Amino acid sequence: MVDWIRKAKKTILWASVIGLIPGVAMIAFPSVMSGVLIYLLGAVVVFVGAALLLLYAYNVRRGTGDSFGLIKGIVTLALGLLILLRSELFVNVVFVIIALVVLACSFYHIQLSVAAKRGGFRFWWLILCGGFIGVVLSVLIMLDPSVMLNALIVLAGVGIVWDSLFNIYALYACDKFI
């Protein structure tokens with residue numbers, strides 16, 4: 001049992017140390033890493049689309065194929081190619097959609113703060129501030145989506161580094177008990 005725990009600790013340690021590499025790279029080079037991640041996403045989606053088309057062909061040979069499987073494969077493959085060939089367009093469209101959702105939620109929070117004030121809620125102004133912050137952020141996202149992508153890449157890198165360092169610390173702290 002103790003040998004199994006030592007192997008697990010060693011695996012977690014190595015995974016955490018290796019996890020530091022992309023995390024630090026995401027913090028240091030967000031624009032490069034965003035391109036790498038987008039192309040990886042595109043490649044994965046193309047692979048899934050090709051797999052769906054192969055699955056459709058296999059099912060047709062068995063007599064169980066339907067047109068929905070073909071459409072699903074073609075659409076997935078086309079989306080993957082769009083991501084690979086026009087990555088900046090894909091990023092801009094995704095972030096504008098996110099910004100529109102944030103904008104709608106922010107307007108709802110502003111409306112909710114007015115109702116909270118009428119209802120006597122003491123901290124109605126916090127809801128109002130959150131709504132205004134959401135409006136400002138959504139407008140900034142719509143004005144320049146690439147800046148937001150880089151900011152998200154840096155935040156994801158910070159999260160990965162934090163998680164890796166926490167795992168290393170937890171292993172060190174648990175060493176006293178095991």
# chains A, B, ... in the order shown; residues from 1 in each chain; ligands from 1
call {"tool": "residues_around", "arguments": {"residues": "range 16-18 of chain A", "least_positions_apart": "4", "cutoff": "12 Å", "atoms": "only C-alpha atoms", "output": "VMD selection string"}}
result
chain A and resid 9 to 12 22 to 25 160 to 171
call {"tool": "write_last_selection", "arguments": {"atoms": "C-alpha atoms", "output": "JSON list (two decimals), in the first residue's frame"}}
result
[["chain", "number", "residue", "atom", "x", "y", "z"],
["A", 9, "LYS", "CA", 2.95, 10.94, -5.23],
["A", 10, "LYS", "CA", 5.77, 10.71, -7.77],
["A", 11, "THR", "CA", 3.28, 10.80, -10.66],
["A", 12, "ILE", "CA", 1.48, 13.82, -9.19],
["A", 22, "PRO", "CA", 2.51, 25.50, -20.34],
["A", 23, "GLY", "CA", 1.28, 27.68, -17.47],
["A", 24, "VAL", "CA", 4.41, 29.83, -17.50],
["A", 25, "ALA", "CA", 4.37, 29.91, -21.31],
["A", 160, "ILE", "CA", -2.41, 26.28, -14.19],
["A", 161, "VAL", "CA", 0.69, 27.56, -12.37],
["A", 162, "TRP", "CA", -1.31, 28.00, -9.16],
["A", 163, "ASP", "CA", -2.72, 24.48, -9.40],
["A", 164, "SER", "CA", 0.70, 22.97, -10.08],
["A", 165, "LEU", "CA", 2.34, 24.84, -7.20],
["A", 166, "PHE", "CA", -0.52, 23.90, -4.88],
["A", 167, "ASN", "CA", -0.15, 20.22, -5.81],
["A", 168, "ILE", "CA", 3.60, 20.37, -5.12],
["A", 169, "TYR", "CA", 2.98, 22.07, -1.77],
["A", 170, "ALA", "CA", 0.24, 19.56, -0.87],
["A", 171, "LEU", "CA", 2.61, 16.69, -1.61]]
call {"tool": "residues_around", "arguments": {"residues": "Leu37 in chain A", "least_positions_apart": "2", "cutoff": "12 Å", "atoms": "only C-alpha atoms", "output": "MDAnalysis selection string"}}
result
chainID A and resid 22 25:26 30:35 39:44 83:84 87 91 149:150 152:153 156
call {"tool": "closest_residue", "arguments": {"among": "A:Val102, A:Leu112, A:Leu54, A:Leu155", "to": "Leu137 in chain A", "atoms": "only C-alpha atoms"}}
result
A:Val102
call {"tool": "residues_around", "arguments": {"residues": "Asn92 in chain A", "least_positions_apart": "3", "cutoff": "10 Å", "atoms": "only C-alpha atoms", "output": "list of chain:residue names"}}
result
A:Ser87, A:Glu88, A:Leu89, A:Phe95, A:Val96, A:Ile97, A:Ile98, A:Ile141, A:Met142, A:Leu143, A:Asp144, A:Pro145, A:Ser146, A:Met148, A:Leu149
call {"tool": "write_last_selection", "arguments": {"atoms": "N, CA and C atoms", "output": "compact mmCIF listing (two decimals), in the first residue's frame"}}
result
# COMPACT_ATOMS: atom_id res chain seq x y z
N SER A 87 -8.81 31.52 -38.11
CA SER A 87 -8.85 31.48 -36.65
C SER A 87 -9.23 32.83 -36.04
N GLU A 88 -8.76 33.94 -36.65
CA GLU A 88 -9.09 35.25 -36.09
C GLU A 88 -10.58 35.54 -36.20
N LEU A 89 -11.21 35.10 -37.28
CA LEU A 89 -12.65 35.27 -37.43
C LEU A 89 -13.39 34.44 -36.39
N PHE A 95 -16.07 35.59 -29.18
CA PHE A 95 -16.03 36.61 -28.15
C PHE A 95 -17.17 37.62 -28.28
N VAL A 96 -17.60 37.92 -29.48
CA VAL A 96 -18.74 38.82 -29.65
C VAL A 96 -20.01 38.15 -29.10
N ILE A 97 -20.16 36.86 -29.34
CA ILE A 97 -21.31 36.14 -28.78
C ILE A 97 -21.26 36.16 -27.26
N ILE A 98 -20.09 35.91 -26.70
CA ILE A 98 -19.93 35.95 -25.24
C ILE A 98 -20.25 37.36 -24.73
N ILE A 141 -14.96 43.94 -24.81
CA ILE A 141 -14.79 42.68 -25.55
C ILE A 141 -15.19 42.86 -27.01
N MET A 142 -16.30 43.56 -27.24
CA MET A 142 -16.75 43.76 -28.63
C MET A 142 -15.81 44.67 -29.41
N LEU A 143 -15.18 45.63 -28.73
CA LEU A 143 -14.27 46.54 -29.43
C LEU A 143 -12.98 45.85 -29.86
N ASP A 144 -12.41 45.00 -29.02
CA ASP A 144 -11.16 44.32 -29.36
C ASP A 144 -11.12 42.92 -28.73
N PRO A 145 -11.70 41.93 -29.41
CA PRO A 145 -11.75 40.58 -28.85
C PRO A 145 -10.37 39.95 -28.63
N SER A 146 -9.36 40.33 -29.43
CA SER A 146 -8.05 39.69 -29.29
C SER A 146 -7.39 40.04 -27.96
N MET A 148 -8.99 40.48 -25.17
CA MET A 148 -9.66 39.63 -24.18
C MET A 148 -9.14 38.20 -24.26
N LEU A 149 -8.83 37.74 -25.47
CA LEU A 149 -8.29 36.39 -25.62
C LEU A 149 -6.96 36.29 -24.90
call {"tool": "atom_distance", "arguments": {"atom1": "CA of Phe123 in chain A", "atom2": "CA of Ala99 in chain A"}}
result
26.0 Å
call {"tool": "closest_residue", "arguments": {"among": "A:Trp124, A:Phe47, A:Trp4, A:Tyr172", "to": "Ala78 in chain A", "atoms": "only C-alpha atoms"}}
result
A:Phe47
call {"tool": "residues_around", "arguments": {"residues": "Gln111 in chain A", "least_positions_apart": "4", "cutoff": "10 Å", "atoms": "only C-alpha atoms", "output": "PyMOL selection string"}}
result
chain A and resi 105-107+115-116+127-128+131
call {"tool": "atom_distance", "arguments": {"atom1": "CA of Leu53 in chain A", "atom2": "CA of Gly80 in chain A"}}
result
13.3 Å
call {"tool": "atom_distance", "arguments": {"atom1": "CA of Val46 in chain A", "atom2": "CA of Leu79 in chain A"}}
result
7.5 Å
